[in-house]
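Q: Structure file run.tsv, TSV, C-alpha atoms and all ligand atoms, is pasted below:
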chain	number	residue	atom	x	y	z
G	437	MET	CA	22.13	14.87	15.58
G	438	ARG	CA	21.29	11.44	16.91
G	439	ILE	CA	17.66	10.76	16.16
G	440	GLY	CA	15.41	7.83	17.13
G	441	ILE	CA	12.58	7.24	14.63
G	442	THR	CA	9.58	5.07	15.33
G	443	CYS	CA	6.97	4.18	12.73
G	444	TYR	CA	4.87	1.31	11.46
G	445	PRO	CA	7.43	-0.60	9.40
G	446	THR	CA	4.86	-1.80	6.85
G	447	TYR	CA	3.75	-0.45	3.48
G	448	GLY	CA	1.44	2.27	4.90
G	449	GLY	CA	2.14	5.85	3.89
G	450	SER	CA	3.29	6.93	7.35
G	451	GLY	CA	5.93	4.19	7.44
G	452	VAL	CA	7.13	5.14	3.97
G	453	VAL	CA	7.46	8.82	4.90
G	454	ALA	CA	9.23	8.02	8.19
G	455	THR	CA	11.66	5.68	6.45
G	456	GLU	CA	12.43	8.11	3.64
G	457	LEU	CA	12.94	10.85	6.24
G	458	GLY	CA	15.40	8.62	8.12
G	459	LEU	CA	17.30	7.83	4.93
G	460	GLU	CA	17.48	11.49	3.95
G	461	LEU	CA	18.65	12.53	7.42
G	462	ALA	CA	21.30	9.81	7.38
G	463	ALA	CA	22.49	11.01	3.96
G	464	ARG	CA	22.97	14.42	5.56
G	465	GLY	CA	25.20	12.91	8.26
G	466	HIS	CA	22.74	12.47	11.13
G	467	ASP	CA	22.74	9.20	13.05
G	468	VAL	CA	19.34	7.62	12.63
G	469	HIS	CA	18.06	4.80	14.85
G	470	PHE	CA	14.84	3.12	13.77
G	471	ILE	CA	13.02	1.56	16.73
G	472	SER	CA	10.16	-0.71	15.73
G	473	TYR	CA	8.94	-4.33	15.73
G	474	ALA	CA	10.39	-4.97	12.25
G	475	MET	CA	12.80	-3.40	9.78
G	476	PRO	CA	10.95	-0.70	7.79
G	477	VAL	CA	10.20	-2.11	4.34
G	478	ARG	CA	11.83	0.63	2.32
G	479	ILE	CA	15.20	0.00	3.97
G	480	THR	CA	16.55	-2.46	1.47
G	481	GLU	CA	20.27	-2.30	2.21
G	482	ALA	CA	22.70	-1.39	4.96
G	483	ALA	CA	23.75	2.25	4.93
G	484	GLU	CA	26.07	4.43	6.92
G	485	HIS	CA	24.31	6.23	9.80
G	486	ILE	CA	21.27	3.93	9.65
G	487	HIS	CA	20.64	1.58	12.56
G	488	PHE	CA	17.73	-0.66	13.41
G	489	HIS	CA	16.62	-1.75	16.88
G	490	GLU	CA	13.96	-4.43	17.06
G	491	VAL	CA	11.45	-4.13	19.88
G	492	GLU	CA	11.55	-7.36	21.89
G	493	MET	CA	8.22	-8.49	23.27
G	494	LEU	CA	7.76	-11.07	25.99
G	495	ASN	CA	4.75	-13.18	25.04
G	496	TYR	CA	3.54	-14.35	28.45
G	497	PRO	CA	0.42	-16.63	28.39
G	498	LEU	CA	-1.44	-14.17	30.63
G	499	PHE	CA	-1.18	-11.50	27.93
G	500	ASP	CA	-4.07	-11.85	25.53
G	501	HIS	CA	-2.47	-8.96	23.66
G	502	PRO	CA	1.26	-8.39	24.30
G	503	PRO	CA	1.70	-4.79	25.56
G	504	TYR	CA	3.65	-3.37	22.59
G	505	THR	CA	3.35	0.21	23.84
G	506	LEU	CA	5.32	-0.68	26.97
G	507	ALA	CA	7.90	-2.80	25.16
G	508	LEU	CA	8.43	0.06	22.72
G	509	ALA	CA	8.82	2.59	25.55
G	510	THR	CA	11.45	0.32	27.11
G	511	ALA	CA	13.28	-0.04	23.79
G	512	MET	CA	13.20	3.73	23.26
G	513	THR	CA	14.68	4.25	26.72
G	514	ASN	CA	17.45	1.71	26.17
G	515	VAL	CA	18.37	3.02	22.73
G	516	ALA	CA	18.31	6.62	23.99
G	517	VAL	CA	20.83	5.74	26.72
G	518	ASN	CA	23.05	3.37	24.73
G	519	GLU	CA	23.19	5.54	21.62
G	520	SER	CA	23.03	8.95	23.34
G	521	LEU	CA	19.97	9.99	21.33
G	522	ASP	CA	19.16	13.69	21.19
G	523	LEU	CA	15.48	13.19	20.49
G	524	LEU	CA	12.75	10.83	19.32
G	525	HIS	CA	10.59	11.41	16.27
G	526	VAL	CA	7.47	9.25	16.19
G	527	HIS	CA	5.20	8.82	13.19
G	528	TYR	CA	1.53	8.03	13.75
G	529	ALA	CA	0.26	9.04	17.18
G	530	ILE	CA	-1.14	5.70	18.36
G	531	PRO	CA	0.65	4.17	20.21
G	532	HIS	CA	4.07	5.60	19.33
G	533	SER	CA	3.51	8.98	20.89
G	534	VAL	CA	2.40	7.40	24.15
G	535	SER	CA	5.52	5.19	24.25
G	536	ALA	CA	7.69	8.24	23.63
G	537	TYR	CA	5.95	10.07	26.46
G	538	LEU	CA	6.73	7.15	28.79
G	539	ALA	CA	10.34	6.94	27.64
G	540	ARG	CA	10.82	10.65	28.23
G	541	ALA	CA	9.33	10.35	31.71
G	542	MET	CA	11.41	7.27	32.59
G	543	LEU	CA	14.65	8.95	31.64
G	544	LYS	CA	14.21	12.09	33.73
G	545	PRO	CA	16.22	14.10	34.68
G	546	ARG	CA	18.01	13.24	31.42
G	547	ARG	CA	16.33	15.08	28.51
G	548	LEU	CA	14.70	13.12	25.72
G	549	PRO	CA	12.28	15.37	23.83
G	550	PHE	CA	9.95	13.84	21.27
G	551	VAL	CA	8.34	15.08	18.06
G	552	THR	CA	5.05	13.57	16.89
G	553	THR	CA	4.09	13.60	13.22
G	554	LEU	CA	0.40	13.05	12.50
G	555	HIS	CA	-0.35	11.29	9.23
G	556	GLY	CA	-4.10	10.92	8.88
G	557	THR	CA	-5.98	7.93	10.15
G	558	ASP	CA	-4.25	8.32	13.52
G	559	ILE	CA	-6.45	11.44	13.79
G	560	THR	CA	-9.40	10.92	11.45
G	561	LEU	CA	-10.24	7.27	12.22
G	562	VAL	CA	-8.32	5.73	15.11
G	563	GLY	CA	-7.74	8.84	17.18
G	564	ALA	CA	-11.26	10.14	16.69
G	565	ASP	CA	-12.74	6.91	18.06
G	566	ARG	CA	-13.90	7.45	21.65
G	567	SER	CA	-11.73	4.54	22.81
G	568	TYR	CA	-8.54	6.34	21.77
G	569	LEU	CA	-9.47	10.03	21.70
G	570	PRO	CA	-8.39	11.01	25.23
G	571	ILE	CA	-5.00	9.28	24.99
G	572	THR	CA	-4.36	10.63	21.48
G	573	ARG	CA	-5.21	14.12	22.68
G	574	PHE	CA	-2.97	13.70	25.73
G	575	SER	CA	0.03	12.51	23.73
G	576	ILE	CA	-0.37	15.38	21.25
G	577	GLU	CA	-0.51	17.93	24.06
G	578	GLU	CA	2.51	16.35	25.75
G	579	SER	CA	4.74	16.16	22.65
G	580	ASP	CA	7.61	18.63	22.48
G	581	ALA	CA	6.55	19.43	18.92
G	582	VAL	CA	3.75	18.23	16.67
G	583	THR	CA	3.63	18.29	12.90
G	584	ALA	CA	0.84	17.41	10.47
G	585	ILE	CA	1.44	16.43	6.87
G	586	SER	CA	-1.14	18.87	5.47
G	587	GLU	CA	-3.05	21.97	6.43
G	588	TYR	CA	-6.23	19.90	6.23
G	589	LEU	CA	-4.92	17.50	8.90
G	590	ARG	CA	-3.72	20.37	11.07
G	591	GLN	CA	-7.20	21.92	11.04
G	592	VAL	CA	-8.94	18.60	11.80
G	593	THR	CA	-6.54	17.94	14.69
G	594	LEU	CA	-7.05	21.34	16.27
G	595	ARG	CA	-10.83	21.15	15.82
G	596	GLU	CA	-11.64	17.54	16.65
G	597	PHE	CA	-9.24	17.24	19.58
G	598	ASP	CA	-9.66	20.77	20.86
G	599	ILE	CA	-5.88	21.18	20.80
G	600	ARG	CA	-4.50	24.43	22.21
G	601	ARG	CA	-0.84	23.96	21.35
G	602	PRO	CA	0.78	24.78	17.99
G	603	VAL	CA	0.73	22.13	15.28
G	604	GLU	CA	3.07	22.85	12.36
G	605	VAL	CA	2.52	21.72	8.80
G	606	ILE	CA	5.49	19.97	7.20
G	607	PRO	CA	4.19	18.42	4.01
G	608	ASN	CA	5.17	15.00	2.76
G	609	PHE	CA	8.04	14.88	0.32
G	610	VAL	CA	9.59	12.76	-2.36
G	611	ASN	CA	13.17	12.26	-3.46
G	612	CYS	CA	12.94	13.95	-6.87
G	613	GLU	CA	16.15	12.27	-8.04
G	614	VAL	CA	14.75	8.80	-7.40
G	615	PHE	CA	11.17	9.58	-8.41
G	616	ARG	CA	11.71	11.19	-11.81
G	617	PRO	CA	10.39	10.67	-15.33
G	618	ALA	CA	12.11	7.70	-16.95
G	619	ASN	CA	11.88	9.29	-20.40
G	620	GLY	CA	10.99	6.10	-22.20
G	621	LYS	CA	13.21	3.84	-20.14
G	622	CYS	CA	10.29	1.79	-18.75
G	623	ARG	CA	9.73	-1.49	-20.55
G	624	ARG	CA	6.06	-0.74	-21.22
G	625	GLU	CA	5.73	-3.65	-23.62
G	626	GLU	CA	6.00	-6.06	-20.66
G	627	PHE	CA	2.65	-4.80	-19.44
G	628	ALA	CA	1.13	-3.37	-22.59
G	629	PRO	CA	2.48	-5.40	-25.55
G	630	HIS	CA	0.06	-3.88	-28.07
G	631	GLY	CA	0.61	-0.25	-27.19
G	632	GLU	CA	-2.28	-0.08	-24.72
G	633	LYS	CA	-2.51	2.83	-22.28
G	634	ILE	CA	-1.57	2.07	-18.67
G	635	LEU	CA	-3.45	3.07	-15.51
G	636	VAL	CA	-1.84	2.49	-12.12
G	637	HIS	CA	-3.08	2.27	-8.54
G	638	LEU	CA	-0.73	2.19	-5.56
G	639	SER	CA	-1.97	1.70	-1.99
G	640	ASN	CA	-2.28	-0.61	1.00
G	641	PHE	CA	-5.67	-1.81	-0.31
G	642	ARG	CA	-7.54	-0.78	2.81
G	643	PRO	CA	-11.29	-0.01	2.52
G	644	VAL	CA	-10.61	3.75	2.72
G	645	LYS	CA	-8.72	3.47	-0.62
G	646	ARG	CA	-11.87	2.31	-2.49
G	647	VAL	CA	-9.98	-0.37	-4.43
G	648	PRO	CA	-13.24	-1.70	-5.97
G	649	ASP	CA	-13.77	1.80	-7.44
G	650	VAL	CA	-10.36	1.50	-9.13
G	651	VAL	CA	-11.57	-1.64	-10.89
G	652	GLU	CA	-14.87	0.06	-11.85
G	653	ILE	CA	-13.09	3.10	-13.25
G	654	PHE	CA	-10.70	0.91	-15.17
G	655	SER	CA	-13.46	-1.21	-16.70
G	656	LEU	CA	-15.27	1.96	-17.87
G	657	VAL	CA	-12.06	3.34	-19.41
G	658	ARG	CA	-11.25	0.01	-21.05
G	659	ARG	CA	-14.61	0.00	-22.85
G	660	GLU	CA	-13.46	3.11	-24.74
G	661	LEU	CA	-9.74	2.59	-25.10
G	662	PRO	CA	-7.38	-0.43	-24.98
G	663	THR	CA	-5.89	-0.06	-21.51
G	664	LYS	CA	-4.09	-2.09	-18.85
G	665	LEU	CA	-4.27	-1.60	-15.08
G	666	LEU	CA	-1.29	-2.08	-12.76
G	667	MET	CA	-2.29	-2.71	-9.14
G	668	ILE	CA	0.65	-2.13	-6.78
G	669	GLY	CA	0.33	-3.08	-3.13
G	670	ASP	CA	-1.61	-5.51	-1.03
G	671	GLY	CA	-4.14	-5.48	1.78
G	672	PRO	CA	-7.63	-6.47	2.86
G	673	ASP	CA	-9.48	-5.38	-0.32
G	674	ARG	CA	-7.21	-7.15	-2.79
G	675	THR	CA	-9.42	-10.26	-2.70
G	676	ILE	CA	-12.57	-8.35	-3.62
G	677	ALA	CA	-10.71	-6.53	-6.39
G	678	GLU	CA	-9.45	-9.85	-7.80
G	679	TRP	CA	-12.98	-11.26	-7.61
G	680	MET	CA	-14.40	-8.22	-9.46
G	681	VAL	CA	-11.76	-8.57	-12.15
G	682	ARG	CA	-12.69	-12.25	-12.68
G	683	GLU	CA	-16.44	-11.45	-12.73
G	684	LYS	CA	-15.90	-8.72	-15.30
G	685	LYS	CA	-13.70	-11.05	-17.35
G	686	ILE	CA	-10.90	-8.52	-17.53
G	687	SER	CA	-8.21	-10.63	-15.81
G	688	ARG	CA	-5.87	-10.40	-18.80
G	689	ASP	CA	-5.79	-6.64	-18.52
G	690	VAL	CA	-5.34	-6.21	-14.78
G	691	ILE	CA	-1.95	-7.02	-13.31
G	692	PHE	CA	-1.77	-7.44	-9.52
G	693	LEU	CA	1.88	-6.85	-8.66
G	694	GLY	CA	1.62	-7.06	-4.86
G	695	LYS	CA	3.99	-5.18	-2.57
G	696	GLN	CA	6.90	-3.61	-4.42
G	697	ASN	CA	9.96	-1.71	-3.29
G	698	GLN	CA	11.07	0.09	-6.45
G	699	VAL	CA	7.67	1.67	-7.13
G	700	GLN	CA	9.25	4.46	-9.18
G	701	ASP	CA	10.13	1.97	-11.93
G	702	LEU	CA	6.50	0.91	-12.17
G	703	LEU	CA	5.02	4.39	-11.86
G	704	ASN	CA	7.20	5.31	-14.79
G	705	CYS	CA	5.31	2.86	-16.99
G	706	ALA	CA	1.97	4.51	-16.25
G	707	ASP	CA	-0.02	7.16	-18.11
G	708	VAL	CA	-2.44	8.04	-15.30
G	709	LEU	CA	-2.59	7.21	-11.59
G	710	LEU	CA	-5.94	6.52	-9.90
G	711	LEU	CA	-6.50	7.47	-6.24
G	712	PRO	CA	-10.28	7.37	-5.61
G	713	SER	CA	-10.02	7.17	-1.76
G	714	ASP	CA	-12.80	8.14	0.59
G	715	LEU	CA	-10.22	10.09	2.57
G	716	GLU	CA	-6.58	11.11	2.17
G	717	SER	CA	-4.88	13.57	4.47
G	718	PHE	CA	-2.21	14.00	1.83
G	719	GLY	CA	-2.08	11.32	-0.86
G	720	LEU	CA	1.58	10.32	-1.02
G	721	ALA	CA	0.96	7.93	-3.92
G	722	ALA	CA	-0.30	10.83	-6.04
G	723	LEU	CA	2.84	12.82	-5.22
G	724	GLU	CA	5.14	9.91	-6.08
G	725	GLY	CA	3.36	9.60	-9.41
G	726	MET	CA	3.53	13.35	-10.03
G	727	ALA	CA	7.29	13.37	-9.43
G	728	CYS	CA	7.56	10.72	-12.16
G	729	GLY	CA	5.46	12.94	-14.44
G	730	VAL	CA	2.29	10.87	-14.08
G	731	PRO	CA	-0.94	12.92	-13.84
G	732	ALA	CA	-3.49	11.61	-11.34
G	733	VAL	CA	-7.25	11.33	-11.08
G	734	CYS	CA	-8.07	11.56	-7.37
G	735	SER	CA	-11.04	12.12	-5.11
G	736	ARG	CA	-11.49	15.65	-3.88
G	737	VAL	CA	-11.02	14.77	-0.21
G	738	GLY	CA	-8.92	15.82	2.77
G	739	GLY	CA	-5.57	17.30	1.86
G	740	VAL	CA	-5.36	16.03	-1.73
G	741	SER	CA	-6.15	19.48	-3.15
G	742	GLU	CA	-3.00	20.77	-1.41
G	743	VAL	CA	-0.97	18.31	-3.49
G	744	LEU	CA	-2.66	18.32	-6.89
G	745	ARG	CA	-4.66	21.10	-8.58
G	746	ASP	CA	-7.81	20.20	-10.45
G	747	GLY	CA	-7.25	20.49	-14.20
G	748	VAL	CA	-3.53	21.21	-13.86
G	749	GLU	CA	-1.64	18.12	-12.66
G	750	GLY	CA	-4.64	15.84	-13.05
G	751	PHE	CA	-8.23	15.98	-11.88
G	752	LEU	CA	-10.11	16.06	-8.59
G	753	VAL	CA	-13.52	14.39	-8.58
G	754	GLU	CA	-16.16	13.76	-5.89
G	755	ALA	CA	-15.33	10.53	-4.03
G	756	ARG	CA	-17.23	7.47	-5.34
G	757	ASP	CA	-18.18	9.18	-8.62
G	758	VAL	CA	-16.54	6.48	-10.73
G	759	HIS	CA	-18.18	7.64	-13.98
G	760	THR	CA	-16.69	11.12	-13.80
G	761	MET	CA	-13.34	9.67	-12.75
G	762	ALA	CA	-13.37	7.41	-15.82
G	763	THR	CA	-14.33	10.35	-18.05
G	764	ARG	CA	-11.48	12.42	-16.62
G	765	ALA	CA	-8.97	9.60	-17.06
G	766	LEU	CA	-10.11	9.19	-20.69
G	767	GLU	CA	-9.75	12.94	-21.21
G	768	ILE	CA	-6.04	12.63	-20.35
G	769	LEU	CA	-5.43	9.30	-22.08
G	770	SER	CA	-7.03	10.26	-25.37
G	771	SER	CA	-5.17	13.53	-25.87
G	772	PRO	CA	-1.35	13.26	-26.12
G	773	GLU	CA	-1.12	17.07	-25.84
G	774	ARG	CA	-3.20	17.16	-22.64
G	775	HIS	CA	-1.21	14.29	-21.23
G	776	ALA	CA	2.12	15.94	-22.00
G	777	GLU	CA	0.93	19.24	-20.49
G	778	MET	CA	-0.29	17.62	-17.27
G	779	SER	CA	2.75	15.36	-17.01
G	780	LEU	CA	5.08	18.36	-17.18
G	781	ALA	CA	2.95	20.32	-14.69
G	782	ALA	CA	2.97	17.33	-12.32
G	783	ARG	CA	6.74	17.02	-12.35
G	784	GLN	CA	7.18	20.78	-11.95
G	785	ARG	CA	4.82	20.95	-8.97
G	786	ALA	CA	6.65	18.09	-7.27
G	787	LEU	CA	9.98	19.82	-7.93
G	788	ARG	CA	8.77	23.20	-6.71
G	789	ASN	CA	6.85	22.17	-3.59
G	790	PHE	CA	7.63	18.67	-2.40
G	791	CYS	CA	11.23	17.62	-3.03
G	792	SER	CA	13.11	16.21	-0.07
G	793	ASN	CA	15.85	18.83	-0.59
G	794	ASN	CA	13.35	21.49	0.42
G	795	ILE	CA	11.42	19.63	3.09
G	796	ILE	CA	14.14	17.84	5.13
G	797	PRO	CA	15.68	21.15	6.31
G	798	LEU	CA	12.28	22.02	7.81
G	799	TYR	CA	12.55	18.94	10.04
G	800	GLU	CA	16.18	19.74	10.91
G	801	ASP	CA	15.15	23.24	11.88
G	802	LEU	CA	12.31	21.87	14.01
G	803	TYR	CA	14.67	19.46	15.80
G	804	GLN	CA	17.04	22.34	16.58
G	805	ARG	CA	14.22	24.38	18.05
G	806	VAL	CA	13.00	21.45	20.13
G	807	LEU	CA	16.49	20.81	21.50
G	808	LYS	CA	16.89	24.48	22.33
G	809	ASN	CA	13.55	24.72	24.16
G	810	SER	CA	13.36	21.42	26.01
X	1	LIG	O1	-4.04	5.13	4.48
X	1	LIG	C1	-2.83	4.93	4.41
X	1	LIG	O2	-2.17	4.87	3.37
X	1	LIG	C2	-2.11	4.74	5.66
X	1	LIG	C3	-1.84	6.01	6.35
X	1	LIG	C4	-0.68	5.80	7.25
X	1	LIG	O3	-0.59	6.57	8.17
X	1	LIG	O4	0.11	4.89	7.09
X	1	LIG	O5	-1.68	7.05	5.38
X	1	LIG	C5	-1.80	8.38	5.81
X	1	LIG	O6	-0.48	8.89	5.76
X	1	LIG	C6	0.10	9.04	4.47
X	1	LIG	C7	1.53	9.53	4.63
X	1	LIG	O7	1.60	10.72	5.33
X	1	LIG	C8	-0.76	10.02	3.65
X	1	LIG	O8	-0.19	10.20	2.36
X	1	LIG	C9	-2.17	9.45	3.51
X	1	LIG	O9	-2.98	10.39	2.85
X	1	LIG	C10	-2.76	9.17	4.91
X	1	LIG	N1	-4.00	8.41	4.72
X	1	LIG	C11	-5.19	8.89	5.06
X	1	LIG	O10	-5.36	10.00	5.53
X	1	LIG	C12	-6.35	7.99	4.82
Any chance you could put this one into C-alpha cells?
Ligand code: GMT

A:
Amino acid sequence: MRIGITCYPTYGGSGVVATELGLELAARGHDVHFISYAMPVRITEAAEHIHFHEVEMLNYPLFDHPPYTLALATAMTNVAVNESLDLLHVHYAIPHSVSAYLARAMLKPRRLPFVTTLHGTDITLVGADRSYLPITRFSIEESDAVTAISEYLRQVTLREFDIRRPVEVIPNFVNCEVFRPANGKCRREEFAPHGEKILVHLSNFRPVKRVPDVVEIFSLVRRELPTKLLMIGDGPDRTIAEWMVREKKISRDVIFLGKQNQVQDLLNCADVLLLPSDLESFGLAALEGMACGVPAVCSRVGGVSEVLRDGVEGFLVEARDVHTMATRALEILSSPERHAEMSLAARQRALRNFCSNNIIPLYEDLYQRVLKNS
C-alpha cells in the first residue's frame, strides 16, 4: 500500500508512535510518505520506502498565525496525487484530521480515505475544550476509520463527544527487538560509578507529566538508598525541575540528558522507571521501559492499568501521592528478587501484548477494510 502519515514530528508520544508505525510499515514493503512541517525526530536515517514531504507555509504579513491546517491539506492533496496514495493515516485529531477531511473533499471524485488515530490530549485536553470540541467531533465522525490507543481513550471519546460511530482500540506498540533487556551491556558506571541504583523518567516535560513529582519521589528514595536519577526529554517543566534539584542540593545525583534518540540504551541502565503523570491515555514510556525489562512506578490514571498491572510489572499509585510512589520504588530497588521478578514480568507482558509484530498487522487489516469500504 501507499500510505500518507501525518503526525506532530516532535518528541511527543503520538509522534513517536506514528513514526515507529511508518518505519514498521516500510519494513513490511509499504510505501510510507510522512507529511508534516518537519522530519519526525525518530527518523534518523534514510530508508527504503520512507519518504518525507515538508509542508510549505506562506508567511504573509496579514496572517497573525499562518494557517497550517490549510497548508497541510494542500500538501496532502499534492502528495496523494503525485505519489498515488491509497489512504492517509493521521495521528492526533487536531488539526490533522481536519486537513485530511479537506484533502479528501478536494480530491473528489478520486478516493482518498483517511484513518484518524486518537492519542490522548487531542481528546482529553485540547478536543474537550469548547473552542475545539465541535470540530474535533466533526472530524472524528467524518473519518473513514477511527482508532484509539486504549480502551480508556475509546470510552472517553464515545462519552465526551457523544460519538455514534465505531472507534476501534489498537494499542500502542514497541519494537521488542530494539527495546530489549541489554543483559548487563549498559555502561552503568557512567551514571552510577559507586554502584548506586538508577531511576529514570522519560517524557516531554509537560505539566501533565508532573515532572516536579519525579524530583520529589527521587529525593525521598535517595534519603534511604544511594540512587541516581536520569531525566530524559525536555519541555516546559524542565526549568522548574532543575531549580528543585539545585534547591535540594542533589544536582550531582540528577542527570538531565535532554532529548535523546536511542532511548533504549538509556532505559537499559535503569532499575525503575517513574511515570507519575496526572493523566496518561496509555503511557508509552512505561511500555518502552517494560520491553527493556524495567519495572515502572506509575500513577493509576487513564489507560495505564491496561499496560501495567499493579504489583506485577511495577506499581500503580494514586496520582500526586509521591510518598507512596517513593515507598513502592524502594520496595523494588531494595529487593533484588522482587526486582528480577518484576523485570521478567515486564518484558514478558511487552512481548505477549505489545510487540510491533502483533500490532502492525491490525493496522494493515484496518487499512484493507477502509479501502474496501470507501
Ligand atoms: O503527553 C504526551 O506525551 C503527548 C501525547 C501526544 O499525543 O503526543 O501523548 C499521548 O499519546 C501517547 C502515545 O499514544 C500516549 O502514550 C500518552 O499516554 C498520551 N498522553 C496523554 O494522554 C496525556

Q: All residues within 6 Å of ligand LIG 1 (chain X) are required, counting only C-alpha atoms and all ligand atoms; please report them as a PyMOL selection string.

A: chain G and resi 448-451+453+555-557+585+640+715-720

Q: Since we have the selection now, will you write its residues out, keeping C-alpha atoms, as a PDB file, keeping the file's coordinate frame?

A:
ATOM      1  CA  GLY G 448       1.440   2.270   4.900  1.00  0.00           C
ATOM      2  CA  GLY G 449       2.140   5.850   3.890  1.00  0.00           C
ATOM      3  CA  SER G 450       3.290   6.930   7.350  1.00  0.00           C
ATOM      4  CA  GLY G 451       5.930   4.190   7.440  1.00  0.00           C
ATOM      5  CA  VAL G 453       7.460   8.820   4.900  1.00  0.00           C
ATOM      6  CA  HIS G 555      -0.350  11.290   9.230  1.00  0.00           C
ATOM      7  CA  GLY G 556      -4.100  10.920   8.880  1.00  0.00           C
ATOM      8  CA  THR G 557      -5.980   7.930  10.150  1.00  0.00           C
ATOM      9  CA  ILE G 585       1.440  16.430   6.870  1.00  0.00           C
ATOM     10  CA  ASN G 640      -2.280  -0.610   1.000  1.00  0.00           C
ATOM     11  CA  LEU G 715     -10.220  10.090   2.570  1.00  0.00           C
ATOM     12  CA  GLU G 716      -6.580  11.110   2.170  1.00  0.00           C
ATOM     13  CA  SER G 717      -4.880  13.570   4.470  1.00  0.00           C
ATOM     14  CA  PHE G 718      -2.210  14.000   1.830  1.00  0.00           C
ATOM     15  CA  GLY G 719      -2.080  11.320  -0.860  1.00  0.00           C
ATOM     16  CA  LEU G 720       1.580  10.320  -1.020  1.00  0.00           C
TER      17      LEU G 720
END

Q: Tell me, counting all atoms listed in the file, for each residue of region 588-635 of chain G within 10 Å of region 780-796 of chain G, which pair of atoms is nearest and how far apart they are in Å to one decimal, in rows ordered by chain and increasing number, as JSON lines.

A:
{"residue": "G:Ile606", "atom": "CA", "partner": "G:Ile795", "partner_atom": "CA", "distance": 7.2}
{"residue": "G:Pro607", "atom": "CA", "partner": "G:Phe790", "partner_atom": "CA", "distance": 7.3}
{"residue": "G:Asn608", "atom": "CA", "partner": "G:Phe790", "partner_atom": "CA", "distance": 6.8}
{"residue": "G:Phe609", "atom": "CA", "partner": "G:Phe790", "partner_atom": "CA", "distance": 4.7}
{"residue": "G:Val610", "atom": "CA", "partner": "G:Cys791", "partner_atom": "CA", "distance": 5.2}
{"residue": "G:Asn611", "atom": "CA", "partner": "G:Ser792", "partner_atom": "CA", "distance": 5.2}
{"residue": "G:Cys612", "atom": "CA", "partner": "G:Cys791", "partner_atom": "CA", "distance": 5.6}
{"residue": "G:Glu613", "atom": "CA", "partner": "G:Cys791", "partner_atom": "CA", "distance": 8.8}
{"residue": "G:Phe615", "atom": "CA", "partner": "G:Arg783", "partner_atom": "CA", "distance": 9.5}
{"residue": "G:Arg616", "atom": "CA", "partner": "G:Arg783", "partner_atom": "CA", "distance": 7.7}
{"residue": "G:Pro617", "atom": "CA", "partner": "G:Arg783", "partner_atom": "CA", "distance": 7.9}

Q: Once you count all atoms listed in the file, which residues end up no further than 7 Å from (-10.2, 8.8, -12.9) in the file's frame, shown as a tab-separated table (two decimals) with C-alpha atoms, keeping the file's coordinate frame?

A:
chain	number	residue	atom	x	y	z
G	653	ILE	CA	-13.09	3.10	-13.25
G	710	LEU	CA	-5.94	6.52	-9.90
G	733	VAL	CA	-7.25	11.33	-11.08
G	734	CYS	CA	-8.07	11.56	-7.37
G	760	THR	CA	-16.69	11.12	-13.80
G	761	MET	CA	-13.34	9.67	-12.75
G	762	ALA	CA	-13.37	7.41	-15.82
G	763	THR	CA	-14.33	10.35	-18.05
G	764	ARG	CA	-11.48	12.42	-16.62
G	765	ALA	CA	-8.97	9.60	-17.06

Q: Just how far from CA of Cys622 (chain G) is CA of Val452 (chain G), in Å to one decimal?

A: 23.2 Å

Q: Of the candidates G:Arg573, G:Arg547, G:His775, G:His485, which one gets nearest to Ala529 (chain G) if we count all atoms listed in the file?

A: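 Selected residue with least distance to Ala529 (chain G): G:Arg573.
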
Q: Which one is closest to Gln804 (chain G): G:Pro772, G:Pro629, G:Gly458, G:Pro549? Count all atoms listed in the file.

A: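 Between G:Pro772, G:Pro629, G:Gly458, G:Pro549, the residue approaching Gln804 (chain G) most closely is G:Pro549.
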
Q: Using Å and a single decimal, report how far CA of Tyr537 (chain G) sits from CA of Val468 (chain G).

A: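 We find that CA of Val468 (chain G) and CA of Tyr537 (chain G) lie 19.4 Å from each other.
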
Q: What is the distance, in Å and to one decimal place, between CA of Pro503 (chain G) and CA of Ser472 (chain G)?

A: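 Computing it gives 13.6 Å between the two atoms.
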
Q: Show which residues sit within 8 Å of Ala511 (chain G), as an MDAnalysis selection string. Count all atoms listed in the file, and ignore same-chain residues fewer than 2 positions away.

A: chainID G and resid 471 489 491:492 507:509 513:515

Q: What lies within 8 Å of region 743-746 of chain G using only C-alpha atoms, ignoring chain neighbours under 2 positions off, as a VMD selection string?

A: chain G and resid 718 to 719 722 to 723 739 to 741 748 to 752 782

Q: Selection from above, C-alpha atoms, as a PDB file, keeping the file's coordinate frame, can you write it?

A:
ATOM      1  CA  PHE G 718      -2.210  14.000   1.830  1.00  0.00           C
ATOM      2  CA  GLY G 719      -2.080  11.320  -0.860  1.00  0.00           C
ATOM      3  CA  ALA G 722      -0.300  10.830  -6.040  1.00  0.00           C
ATOM      4  CA  LEU G 723       2.840  12.820  -5.220  1.00  0.00           C
ATOM      5  CA  GLY G 739      -5.570  17.300   1.860  1.00  0.00           C
ATOM      6  CA  VAL G 740      -5.360  16.030  -1.730  1.00  0.00           C
ATOM      7  CA  SER G 741      -6.150  19.480  -3.150  1.00  0.00           C
ATOM      8  CA  VAL G 748      -3.530  21.210 -13.860  1.00  0.00           C
ATOM      9  CA  GLU G 749      -1.640  18.120 -12.660  1.00  0.00           C
ATOM     10  CA  GLY G 750      -4.640  15.840 -13.050  1.00  0.00           C
ATOM     11  CA  PHE G 751      -8.230  15.980 -11.880  1.00  0.00           C
ATOM     12  CA  LEU G 752     -10.110  16.060  -8.590  1.00  0.00           C
ATOM     13  CA  ALA G 782       2.970  17.330 -12.320  1.00  0.00           C
TER      14      ALA G 782
END

Q: Counting only C-alpha atoms, which residue out of G:Glu604, G:Asp701, G:Glu490, G:Asp467 sits closest to Cys443 (chain G)?

A: G:Glu490

Q: If you count all atoms listed in the file, which residues fall within 9 Å of Ile668 (chain G), apart from same-chain ones fewer than 5 positions away, as number ranges by chain?

A: G: 636-640, 691-696, 699, 702

Q: Which of these residues is nearest to Ala677 (chain G), using only C-alpha atoms: G:Pro662, G:Pro602, G:Gly631, G:Pro648?

A: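 Closest residue, counting only C-alpha atoms: G:Pro648.
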
Q: Measuring between all atoms listed in the file, which one of G:Asp757, G:Asp558, G:Asp673, G:Glu800 shows the shortest distance to Ile571 (chain G)?

A: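 Checking each candidate against Ile571 (chain G), we get G:Asp558 as the closest.
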